[in-house]
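Student: Data: start05.pdb, PDB, C-alpha atoms.
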ATOM      1  CA  MET A1070      10.468 -35.652 -38.883
ATOM      2  CA  ILE A1071       9.764 -33.477 -35.872
ATOM      3  CA  THR A1072       8.542 -30.695 -38.173
ATOM      4  CA  VAL A1073       6.138 -33.061 -39.909
ATOM      5  CA  PHE A1074       4.905 -34.387 -36.575
ATOM      6  CA  GLY A1075       4.452 -30.867 -35.229
ATOM      7  CA  PHE A1076       2.502 -29.904 -38.337
ATOM      8  CA  GLY A1077       0.292 -32.960 -37.892
ATOM      9  CA  VAL A1078      -0.366 -32.172 -34.224
ATOM     10  CA  GLY A1079      -1.150 -28.549 -35.048
ATOM     11  CA  LEU A1080      -3.490 -29.606 -37.822
ATOM     12  CA  GLY A1081      -5.186 -32.046 -35.458
ATOM     13  CA  VAL A1082      -5.673 -29.360 -32.818
ATOM     14  CA  CYS A1083      -7.132 -27.008 -35.435
ATOM     15  CA  MET A1084      -9.514 -29.721 -36.591
ATOM     16  CA  VAL A1085     -10.584 -30.389 -33.002
ATOM     17  CA  LEU A1086     -11.245 -26.676 -32.447
ATOM     18  CA  TRP A1087     -13.156 -26.427 -35.715
ATOM     19  CA  SER A1088     -15.207 -29.491 -34.827
ATOM     20  CA  TRP A1089     -15.837 -28.008 -31.377
ATOM     21  CA  ARG A1090     -17.169 -24.795 -32.878
ATOM     22  CA  THR A1091     -19.269 -26.664 -35.448
ATOM     23  CA  HIS A1092     -20.800 -29.264 -33.170
ATOM     24  CA  ARG A1093     -20.734 -27.359 -29.889
ATOM     25  CA  GLU A1094     -24.485 -27.036 -29.554
ATOM     26  CA  ARG A1095     -25.007 -30.714 -30.285
ATOM     27  CA  ALA A1096     -22.272 -31.732 -27.829
ATOM     28  CA  VAL A1097     -23.769 -29.507 -25.145
ATOM     29  CA  ALA A1098     -27.204 -31.016 -25.782
ATOM     30  CA  ILE A1099     -25.836 -34.546 -25.433
ATOM     31  CA  THR A1100     -24.031 -33.620 -22.227
ATOM     32  CA  MET A1101     -27.175 -32.057 -20.810
ATOM     33  CA  THR A1102     -29.218 -35.146 -21.710
ATOM     34  CA  ARG A1103     -26.938 -38.022 -20.729
ATOM     35  CA  PHE A1104     -24.736 -36.437 -18.047
ATOM     36  CA  ARG A1105     -27.092 -34.190 -16.158
ATOM     37  CA  ALA A1106     -25.908 -32.534 -12.971
ATOM     38  CA  ASP A1107     -27.966 -32.357  -9.792
ATOM     39  CA  PRO A1108     -30.643 -29.672 -10.365
ATOM     40  CA  THR A1109     -30.547 -28.645  -6.690
ATOM     41  CA  ASN A1110     -26.817 -27.927  -6.942
ATOM     42  CA  LEU A1111     -27.400 -25.809 -10.039
ATOM     43  CA  ALA A1112     -30.169 -23.871  -8.312
ATOM     44  CA  ALA A1113     -28.130 -23.367  -5.141
ATOM     45  CA  CYS A1114     -25.244 -21.880  -7.165
ATOM     46  CA  GLU A1115     -27.569 -20.043  -9.588
ATOM     47  CA  ARG A1116     -26.085 -21.865 -12.578
ATOM     48  CA  ASP A1117     -27.833 -23.203 -15.653
ATOM     49  CA  GLU A1118     -27.328 -26.606 -17.234
ATOM     50  CA  ARG A1119     -26.137 -25.255 -20.578
ATOM     51  CA  SER A1120     -23.246 -23.211 -19.196
ATOM     52  CA  LEU A1121     -22.148 -26.111 -16.990
ATOM     53  CA  ALA A1122     -22.215 -28.515 -19.955
ATOM     54  CA  ALA A1123     -20.133 -26.118 -22.045
ATOM     55  CA  GLU A1124     -17.643 -25.759 -19.194
ATOM     56  CA  ARG A1125     -17.370 -29.545 -18.807
ATOM     57  CA  LEU A1126     -16.665 -30.028 -22.508
ATOM     58  CA  LEU A1127     -14.107 -27.207 -22.526
ATOM     59  CA  TYR A1128     -12.260 -28.672 -19.537
ATOM     60  CA  ALA A1129     -12.262 -32.111 -21.164
ATOM     61  CA  VAL A1130     -10.845 -30.805 -24.457
ATOM     62  CA  VAL A1131      -8.117 -28.779 -22.722
ATOM     63  CA  ALA A1132      -7.159 -31.688 -20.455
ATOM     64  CA  THR A1133      -6.991 -34.014 -23.460
ATOM     65  CA  CYS A1134      -4.849 -31.709 -25.599
ATOM     66  CA  ALA A1135      -2.435 -30.662 -22.829
ATOM     67  CA  PRO A1136      -0.405 -33.940 -22.835
ATOM     68  CA  LEU A1137      -0.085 -33.759 -26.625
ATOM     69  CA  VAL A1138       1.282 -30.228 -26.338
ATOM     70  CA  ILE A1139       3.731 -31.421 -23.682
ATOM     71  CA  PHE A1140       4.824 -34.239 -25.986
ATOM     72  CA  LEU A1141       5.365 -31.781 -28.837
ATOM     73  CA  ILE A1142       7.404 -29.398 -26.678
ATOM     74  CA  THR A1143       9.586 -32.144 -25.223
ATOM     75  CA  SER A1144      10.092 -33.659 -28.673
ATOM     76  CA  THR A1145      11.264 -30.311 -29.980
ATOM     77  CA  ALA A1146      13.661 -30.049 -27.028
ATOM     78  CA  GLY A1147      15.098 -33.468 -27.843
ATOM     79  CA  THR A1148      13.860 -35.308 -24.730
ATOM     80  CA  PRO A1149      10.351 -36.498 -25.638
ATOM     81  CA  VAL A1150       8.004 -37.900 -23.057
ATOM     82  CA  PRO A1151       6.894 -41.418 -24.047
ATOM     83  CA  LEU A1152       3.882 -41.243 -26.313
ATOM     84  CA  GLY A1153       2.060 -43.955 -24.364
ATOM     85  CA  VAL A1154       2.360 -41.914 -21.187
ATOM     86  CA  CYS A1155       0.935 -38.877 -22.966
ATOM     87  CA  LEU A1156      -1.983 -40.903 -24.307
ATOM     88  CA  VAL A1157      -2.788 -42.280 -20.853
ATOM     89  CA  MET A1158      -2.531 -38.774 -19.399
ATOM     90  CA  GLY A1159      -4.879 -37.525 -22.125
ATOM     91  CA  VAL A1160      -7.501 -40.176 -21.387
ATOM     92  CA  VAL A1161      -7.318 -39.637 -17.622
ATOM     93  CA  GLY A1162      -7.281 -35.868 -18.089
ATOM     94  CA  SER A1163     -10.373 -35.958 -20.286
ATOM     95  CA  VAL A1164     -12.336 -37.875 -17.654
ATOM     96  CA  VAL A1165     -11.127 -35.667 -14.792
ATOM     97  CA  GLY A1166     -11.672 -32.481 -16.801
ATOM     98  CA  PHE A1167     -15.183 -33.578 -17.724
ATOM     99  CA  GLN A1168     -16.099 -34.226 -14.082
ATOM    100  CA  LEU A1169     -14.160 -31.390 -12.425
ATOM    101  CA  PRO A1170     -16.864 -28.707 -12.939
ATOM    102  CA  VAL A1171     -19.442 -31.063 -11.391
ATOM    103  CA  TRP A1172     -17.245 -31.626  -8.335
ATOM    104  CA  GLN A1173     -16.661 -27.893  -7.987
ATOM    105  CA  LEU A1174     -20.383 -27.246  -8.363
ATOM    106  CA  ARG A1175     -21.161 -29.769  -5.626
ATOM    107  CA  ASP A1176     -18.712 -28.164  -3.194
ATOM    108  CA  ARG A1177     -19.994 -24.673  -3.944
ATOM    109  CA  ALA A1178     -23.603 -25.798  -3.558
ATOM    110  CA  LYS A1179     -22.786 -27.372  -0.199
ATOM    111  CA  ALA A1180     -21.182 -24.129   0.973
ATOM    112  CA  ALA A1181     -24.131 -22.103  -0.370
ATOM    113  CA  ARG A1182     -26.628 -24.296   1.512
ATOM    114  CA  SER A1183     -24.611 -23.934   4.722
ATOM    115  CA  ASP A1184     -24.604 -20.139   4.351
ATOM    116  CA  PHE A1185     -28.315 -20.170   3.609
ATOM    117  CA  ARG A1186     -29.067 -22.156   6.777
ATOM    118  CA  VAL A1187     -27.046 -19.703   8.884
ATOM    119  CA  SER A1188     -28.914 -16.760   7.369
ATOM    120  CA  LEU A1189     -32.229 -18.572   7.732
ATOM    121  CA  SER A1190     -31.767 -19.008  11.487
ATOM    122  CA  ALA A1191     -31.066 -15.267  11.800
ATOM    123  CA  TYR A1192     -34.119 -14.553   9.626
ATOM    124  CA  LEU A1193     -36.294 -16.623  11.937
ATOM    125  CA  ASP A1194     -35.098 -14.612  14.923
ATOM    126  CA  LEU A1195     -35.973 -11.378  13.139
ATOM    127  CA  VAL A1196     -39.423 -12.652  12.225
ATOM    128  CA  SER A1197     -39.987 -13.763  15.827
ATOM    129  CA  VAL A1198     -39.046 -10.320  17.148
ATOM    130  CA  LEU A1199     -41.412  -8.615  14.728
ATOM    131  CA  LEU A1200     -44.245 -10.990  15.601
ATOM    132  CA  SER A1201     -43.663 -10.333  19.298
ATOM    133  CA  GLY A1202     -44.018  -6.613  18.558
ATOM    134  CA  GLY A1203     -47.490  -7.165  17.129
ATOM    135  CA  ALA A1204     -46.732  -7.266  13.397
ATOM    136  CA  GLY A1205     -48.690  -9.507  11.086
ATOM    137  CA  ILE A1206     -47.186 -12.607   9.521
ATOM    138  CA  GLU A1207     -46.686 -11.259   6.013
ATOM    139  CA  THR A1208     -45.501  -7.888   7.344
ATOM    140  CA  ALA A1209     -42.961  -9.639   9.570
ATOM    141  CA  LEU A1210     -41.741 -11.795   6.711
ATOM    142  CA  VAL A1211     -41.182  -8.848   4.371
ATOM    143  CA  ALA A1212     -39.656  -6.562   7.003
ATOM    144  CA  ALA A1213     -37.236  -9.253   8.208
ATOM    145  CA  SER A1214     -36.089  -9.996   4.655
ATOM    146  CA  ARG A1215     -35.267  -6.312   4.147
ATOM    147  CA  VAL A1216     -33.278  -5.996   7.369
ATOM    148  CA  GLY A1217     -30.662  -8.615   6.533
ATOM    149  CA  ALA A1218     -28.062  -8.501   3.771
ATOM    150  CA  GLY A1219     -26.563 -11.186   1.604
ATOM    151  CA  ALA A1220     -27.632 -13.661  -1.049
ATOM    152  CA  SER A1221     -29.882 -15.658   1.302
ATOM    153  CA  PHE A1222     -31.932 -12.662   2.420
ATOM    154  CA  GLU A1223     -32.152 -11.498  -1.179
ATOM    155  CA  ALA A1224     -33.457 -14.912  -2.228
ATOM    156  CA  ILE A1225     -36.115 -14.823   0.503
ATOM    157  CA  ALA A1226     -37.081 -11.293  -0.520
ATOM    158  CA  ARG A1227     -37.430 -12.405  -4.151
ATOM    159  CA  CYS A1228     -39.689 -15.267  -3.081
ATOM    160  CA  LEU A1229     -41.903 -12.843  -1.196
ATOM    161  CA  GLU A1230     -42.014 -10.519  -4.207
ATOM    162  CA  VAL A1231     -43.008 -13.433  -6.435
ATOM    163  CA  SER A1232     -45.768 -14.362  -4.010
ATOM    164  CA  ARG A1233     -47.163 -10.819  -4.097
ATOM    165  CA  ALA A1234     -46.885 -10.527  -7.874
ATOM    166  CA  SER A1235     -48.499 -13.908  -8.522
ATOM    167  CA  ARG A1236     -51.050 -13.550  -5.709
ATOM    168  CA  ARG A1237     -49.845 -16.761  -4.101
ATOM    169  CA  SER A1238     -49.233 -17.446  -0.441
ATOM    170  CA  PRO A1239     -45.639 -16.688   0.611
ATOM    171  CA  TRP A1240     -45.237 -20.063   2.324
ATOM    172  CA  ASP A1241     -45.929 -21.931  -0.913
ATOM    173  CA  VAL A1242     -43.267 -19.935  -2.784
ATOM    174  CA  LEU A1243     -40.771 -20.382   0.064
ATOM    175  CA  ALA A1244     -41.394 -24.137   0.104
ATOM    176  CA  GLU A1245     -40.811 -24.375  -3.643
ATOM    177  CA  HIS A1246     -37.575 -22.417  -3.344
ATOM    178  CA  GLY A1247     -36.359 -24.659  -0.527
ATOM    179  CA  ALA A1248     -37.090 -27.781  -2.551
ATOM    180  CA  ARG A1249     -35.371 -26.270  -5.585
ATOM    181  CA  ILE A1250     -32.084 -25.494  -3.792
ATOM    182  CA  GLY A1251     -32.112 -28.566  -1.540
ATOM    183  CA  VAL A1252     -32.596 -26.854   1.834
ATOM    184  CA  ASP A1253     -35.128 -28.913   3.775
ATOM    185  CA  GLU A1254     -35.400 -26.378   6.581
ATOM    186  CA  LEU A1255     -37.139 -23.869   4.323
ATOM    187  CA  PRO A1256     -40.129 -26.103   3.486
ATOM    188  CA  GLU A1257     -40.386 -26.868   7.214
ATOM    189  CA  LEU A1258     -40.424 -23.145   7.935
ATOM    190  CA  ALA A1259     -43.049 -22.659   5.239
ATOM    191  CA  ALA A1260     -45.212 -25.338   6.838
ATOM    192  CA  THR A1261     -44.931 -23.567  10.209
ATOM    193  CA  ILE A1262     -45.832 -20.228   8.659
ATOM    194  CA  LYS A1263     -48.737 -21.786   6.804
ATOM    195  CA  LEU A1264     -50.017 -23.292  10.022
ATOM    196  CA  GLY A1265     -49.867 -19.922  11.731
ATOM    197  CA  GLY A1266     -51.377 -18.042   8.820
ATOM    198  CA  GLU A1267     -54.287 -20.356   8.081
ATOM    199  CA  GLN A1268     -55.116 -21.860  11.475
ATOM    200  CA  GLY A1269     -54.113 -19.036  13.805
ATOM    201  CA  ALA A1270     -51.580 -21.089  15.742
ATOM    202  CA  ARG A1271     -49.004 -19.343  17.921
ATOM    203  CA  MET A1272     -45.983 -18.451  15.770
ATOM    204  CA  THR A1273     -43.331 -16.836  17.950
ATOM    205  CA  ALA A1274     -42.485 -19.793  20.177
ATOM    206  CA  SER A1275     -42.348 -22.234  17.273
ATOM    207  CA  LEU A1276     -40.101 -19.956  15.206
ATOM    208  CA  VAL A1277     -37.730 -19.406  18.139
ATOM    209  CA  ALA A1278     -37.558 -23.148  18.733
ATOM    210  CA  LYS A1279     -36.875 -23.737  15.034
ATOM    211  CA  ALA A1280     -34.076 -21.158  15.033
ATOM    212  CA  GLU A1281     -32.494 -22.718  18.133
ATOM    213  CA  SER A1282     -32.636 -26.218  16.646
ATOM    214  CA  MET A1283     -31.016 -24.980  13.433
ATOM    215  CA  ARG A1284     -28.218 -23.279  15.359
ATOM    216  CA  ALA A1285     -27.645 -26.432  17.416
ATOM    217  CA  LYS A1286     -27.407 -28.481  14.225
ATOM    218  CA  GLN A1287     -25.005 -25.971  12.696
ATOM    219  CA  LEU A1288     -22.785 -26.061  15.777
ATOM    220  CA  ALA A1289     -22.779 -29.861  15.671
ATOM    221  CA  ASP A1290     -21.763 -29.796  11.993
ATOM    222  CA  ILE A1291     -18.994 -27.284  12.702
ATOM    223  CA  GLU A1292     -17.708 -29.417  15.568
ATOM    224  CA  ALA A1293     -17.751 -32.527  13.368
ATOM    225  CA  ARG A1294     -15.790 -30.739  10.630
ATOM    226  CA  ALA A1295     -13.307 -29.445  13.207
ATOM    227  CA  ASN A1296     -12.772 -32.952  14.587
ATOM    228  CA  ALA A1297     -12.275 -34.317  11.078
ATOM    229  CA  ALA A1298      -9.753 -31.566  10.326
ATOM    230  CA  THR A1299      -7.907 -32.368  13.557
ATOM    231  CA  GLU A1300      -7.681 -36.026  12.580
ATOM    232  CA  ARG A1301      -6.379 -35.094   9.140
ATOM    233  CA  MET A1302      -3.763 -32.860  10.721
ATOM    234  CA  GLY A1303      -2.528 -35.824  12.770
ATOM    235  CA  MET A1304      -1.706 -37.902   9.684
ATOM    236  CA  PRO A1305       1.347 -35.813   8.650
ATOM    237  CA  MET A1306       2.715 -36.141  12.192
ATOM    238  CA  VAL A1307       2.365 -39.919  11.992
ATOM    239  CA  VAL A1308       4.137 -39.981   8.626
ATOM    240  CA  LEU A1309       6.938 -37.786   9.989
ATOM    241  CA  PHE A1310       7.311 -40.045  13.017
ATOM    242  CA  LEU A1311       7.527 -43.149  10.814
ATOM    243  CA  GLY A1312      10.100 -41.422   8.632
ATOM    244  CA  PHE A1313      12.088 -40.508  11.744
ATOM    245  CA  LEU A1314      12.033 -44.140  12.889
ATOM    246  CA  VAL A1315      13.213 -45.290   9.481
ATOM    247  CA  LEU A1316      15.982 -42.684   9.560
ATOM    248  CA  LEU A1317      17.141 -43.912  12.957
ATOM    249  CA  GLY A1318      16.765 -47.596  12.201
ATOM    250  CA  TYR A1319      18.348 -47.694   8.765
ATOM    251  CA  PRO A1320      22.003 -47.177   9.949
ATOM    252  CA  ALA A1321      21.591 -49.851  12.612
ATOM    253  CA  MET A1322      20.102 -52.321  10.133
ATOM    254  CA  GLN A1323      22.870 -51.480   7.672
ATOM    255  CA  MET A1324      25.535 -52.173  10.296
ATOM    256  CA  ILE A1325      23.871 -55.456  11.292
ATOM    257  CA  SER A1326      23.624 -56.616   7.685
ATOM    258  CA  ALA A1327      27.248 -55.612   7.069
ATOM    259  CA  GLY A1328      28.321 -57.576  10.199
ATOM    260  CA  PHE A1329      26.581 -60.695   9.023
ATOM    261  CA  GLY A1330      28.080 -60.243   5.615
ATOM    262  CA  GLY A1331      31.576 -59.909   7.083
TER
END
Take the structure in this file and express it as structure tokens.

Tutor:
Amino acid sequence: MITVFGFGVGLGVCMVLWSWRTHRERAVAITMTRFRADPTNLAACERDERSLAAERLLYAVVATCAPLVIFLITSTAGTPVPLGVCLVMGVVGSVVGFQLPVWQLRDRAKAARSDFRVSLSAYLDLVSVLLSGGAGIETALVAASRVGAGASFEAIARCLEVSRASRRSPWDVLAEHGARIGVDELPELAATIKLGGEQGARMTASLVAKAESMRAKQLADIEARANAATERMGMPMVVLFLGFLVLLGYPAMQMISAGFGG
């Protein structure tokens, strides 16, 4: 009986894999259409919708088949896990596996935006220094992007290269990039640069003020996360204290109940 069941499970898994290979493109297309991820998160992590959809489907299939494999192994060992439990685990696992890549993408995009804001404040300081030295706006933008290292400075440098290649203003390209990755500070910076480039307004003071405001906001966010982490660290202490009280109170309550029973 177990051999027949194992053969059936193996055949089912093979059919699922064959169906996955046959209808993979269609399944990916449906996932991309009906369960689209946030485009700003994809842009911030430099991911495309197709690869994310394929990853979501793969996670869902693996999470669905894992309980069936566990059931087969435990049945072979003679101590099978209840089939109903495995089915519930498969359904829950499919939902969690389907959404797990989206949750991971959201966390990575949030971290990428935070890193970009830190680099952007440093970039503003560099641009301000170059402008104070008498450099032009576009010269300061390009030179500052080449001084720094990291993904954020590389992204800014690519935007400036696109602006030169397409003969567009750098502030327009920077604004589009900021809107694409979900960093509002970059369109604000582009508006400031555009104001200085087209109307001759003073740039250095405004860029320094923008950099200082961004650093103040970043410090406030760091402090808020630190306070939240401190509060989370206090929860285990509360649980330990409650457990200690239960440990101390249980013998006394046991003695009292035994006395009343006697």

Student: So that I can see what lies close to Pro1136 of chain A, please list as JSON, numbers by chain the residues with an atom at most 7 Å from it, counting only C-alpha atoms and leaving out residues fewer than 2 positions away in the same chain.

Tutor: {"A": [1133, 1134, 1138, 1139, 1140, 1155, 1158, 1159]}

Student: I would like the residues chosen by the PyMOL selection byres ((chain A and resi 1199) around 12) on the shown file; could you give them as a short mmCIF file (atom, residue, chain, number, x, y, z; two decimals) with C-alpha atoms, in the frame of the given file?

Tutor:
data_model
loop_
_atom_site.label_atom_id
_atom_site.label_comp_id
_atom_site.auth_asym_id
_atom_site.auth_seq_id
_atom_site.Cartn_x
_atom_site.Cartn_y
_atom_site.Cartn_z
CA TYR A 1192 -34.12 -14.55 9.63
CA LEU A 1193 -36.29 -16.62 11.94
CA ASP A 1194 -35.10 -14.61 14.92
CA LEU A 1195 -35.97 -11.38 13.14
CA VAL A 1196 -39.42 -12.65 12.22
CA SER A 1197 -39.99 -13.76 15.83
CA VAL A 1198 -39.05 -10.32 17.15
CA LEU A 1200 -44.24 -10.99 15.60
CA SER A 1201 -43.66 -10.33 19.30
CA GLY A 1202 -44.02 -6.61 18.56
CA GLY A 1203 -47.49 -7.16 17.13
CA ALA A 1204 -46.73 -7.27 13.40
CA GLY A 1205 -48.69 -9.51 11.09
CA ILE A 1206 -47.19 -12.61 9.52
CA GLU A 1207 -46.69 -11.26 6.01
CA THR A 1208 -45.50 -7.89 7.34
CA ALA A 1209 -42.96 -9.64 9.57
CA LEU A 1210 -41.74 -11.80 6.71
CA VAL A 1211 -41.18 -8.85 4.37
CA ALA A 1212 -39.66 -6.56 7.00
CA ALA A 1213 -37.24 -9.25 8.21
CA SER A 1214 -36.09 -10.00 4.66
CA VAL A 1216 -33.28 -6.00 7.37
CA MET A 1272 -45.98 -18.45 15.77
CA THR A 1273 -43.33 -16.84 17.95
CA LEU A 1276 -40.10 -19.96 15.21
CA VAL A 1277 -37.73 -19.41 18.14
#

Student: Using only C-alpha atoms, which of A:Ala1226, A:Ala1289, A:Val1187, A:Leu1169 sits nearest Ala1129 of chain A?

Tutor: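 So, comparing all the options, the nearest one is A:Leu1169.
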
Student: Which value, in Å to one decimal, gives the distance between atom CA of Val1097 of chain A and atom CA of Ala1178 of chain A?

Tutor: 21.9 Å

Student: Go through A:Ala1220, A:Cys1228, A:Leu1189, A:Val1307 and flag the residue nearest Leu1258 of chain A, using all atoms listed in the file for the distances.

Tutor: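 Once distances to Leu1258 of chain A are computed over all atoms listed in the file, the minimum belongs to A:Leu1189.
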
Student: For a test of reading the model, state the distance in Å between atom CA of Gly1318 of chain A and atom CA of Met1302 of chain A, rounded to one decimal.

Tutor: 25.3 Å

Student: Between A:Leu1288, A:Leu1229, A:Ser1120, A:Ser1326, single out the one closest to Ala1259 of chain A, counting only C-alpha atoms.

Tutor: A:Leu1229

Student: Tell me, in Å to one decimal, how far atom CA of Ala1298 of chain A is from atom CA of Met1283 of chain A.

Tutor: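 So the answer is 22.5 Å.
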
Student: Residues at most 12 Å from Gln1168 of chain A, counting all atoms listed in the file, excluding those fewer than 6 positions away in the same chain, as a count of residues only?

Tutor: 17

Student: Of the candidates A:Ala1135, A:Pro1256, A:Gly1251, A:Ala1278, which one gets nearest to Val1157 of chain A if we count all atoms listed in the file?

Tutor: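 Comparing A:Ala1135, A:Pro1256, A:Gly1251, A:Ala1278 against Val1157 of chain A, the winner is A:Ala1135.
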
Student: Please determine, counting only C-alpha atoms, which residue among A:Gly1166, A:Pro1239, A:Asp1253, A:Arg1301 has the shortest atom-to-atom distance to Val1131 of chain A.

Tutor: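 Checking each of A:Gly1166, A:Pro1239, A:Asp1253, A:Arg1301 against Val1131 of chain A, counting only C-alpha atoms, the winner is A:Gly1166.
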
Student: Just the residues within 9 Å of Arg1186 of chain A, please, counting all atoms listed in the file, with nothing from its chain fewer than 5 positions along; format it as an NGL selection string.

Tutor: :A and (1181 or 1191 or 1221 or 1252 or 1254-1255 or 1283-1284 or 1287)

Student: On this file, the PyMOL selection byres ((chain A and resi 1112) around 10) gives some set of residues; write that set as a VMD selection string.

Tutor: chain A and resid 1107 to 1111 1113 to 1118 1178 1246 to 1251

Student: Could you turn the residues from that selection into a file that holds C-alpha atoms, as a tab-separated table (two decimals), in the coordinates of the input?

Tutor:
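again_39.tsv was written with the following content:
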chain	number	residue	atom	x	y	z
A	1107	ASP	CA	-27.97	-32.36	-9.79
A	1108	PRO	CA	-30.64	-29.67	-10.36
A	1109	THR	CA	-30.55	-28.64	-6.69
A	1110	ASN	CA	-26.82	-27.93	-6.94
A	1111	LEU	CA	-27.40	-25.81	-10.04
A	1113	ALA	CA	-28.13	-23.37	-5.14
A	1114	CYS	CA	-25.24	-21.88	-7.16
A	1115	GLU	CA	-27.57	-20.04	-9.59
A	1116	ARG	CA	-26.08	-21.86	-12.58
A	1117	ASP	CA	-27.83	-23.20	-15.65
A	1118	GLU	CA	-27.33	-26.61	-17.23
A	1178	ALA	CA	-23.60	-25.80	-3.56
A	1246	HIS	CA	-37.58	-22.42	-3.34
A	1247	GLY	CA	-36.36	-24.66	-0.53
A	1248	ALA	CA	-37.09	-27.78	-2.55
A	1249	ARG	CA	-35.37	-26.27	-5.58
A	1250	ILE	CA	-32.08	-25.49	-3.79
A	1251	GLY	CA	-32.11	-28.57	-1.54
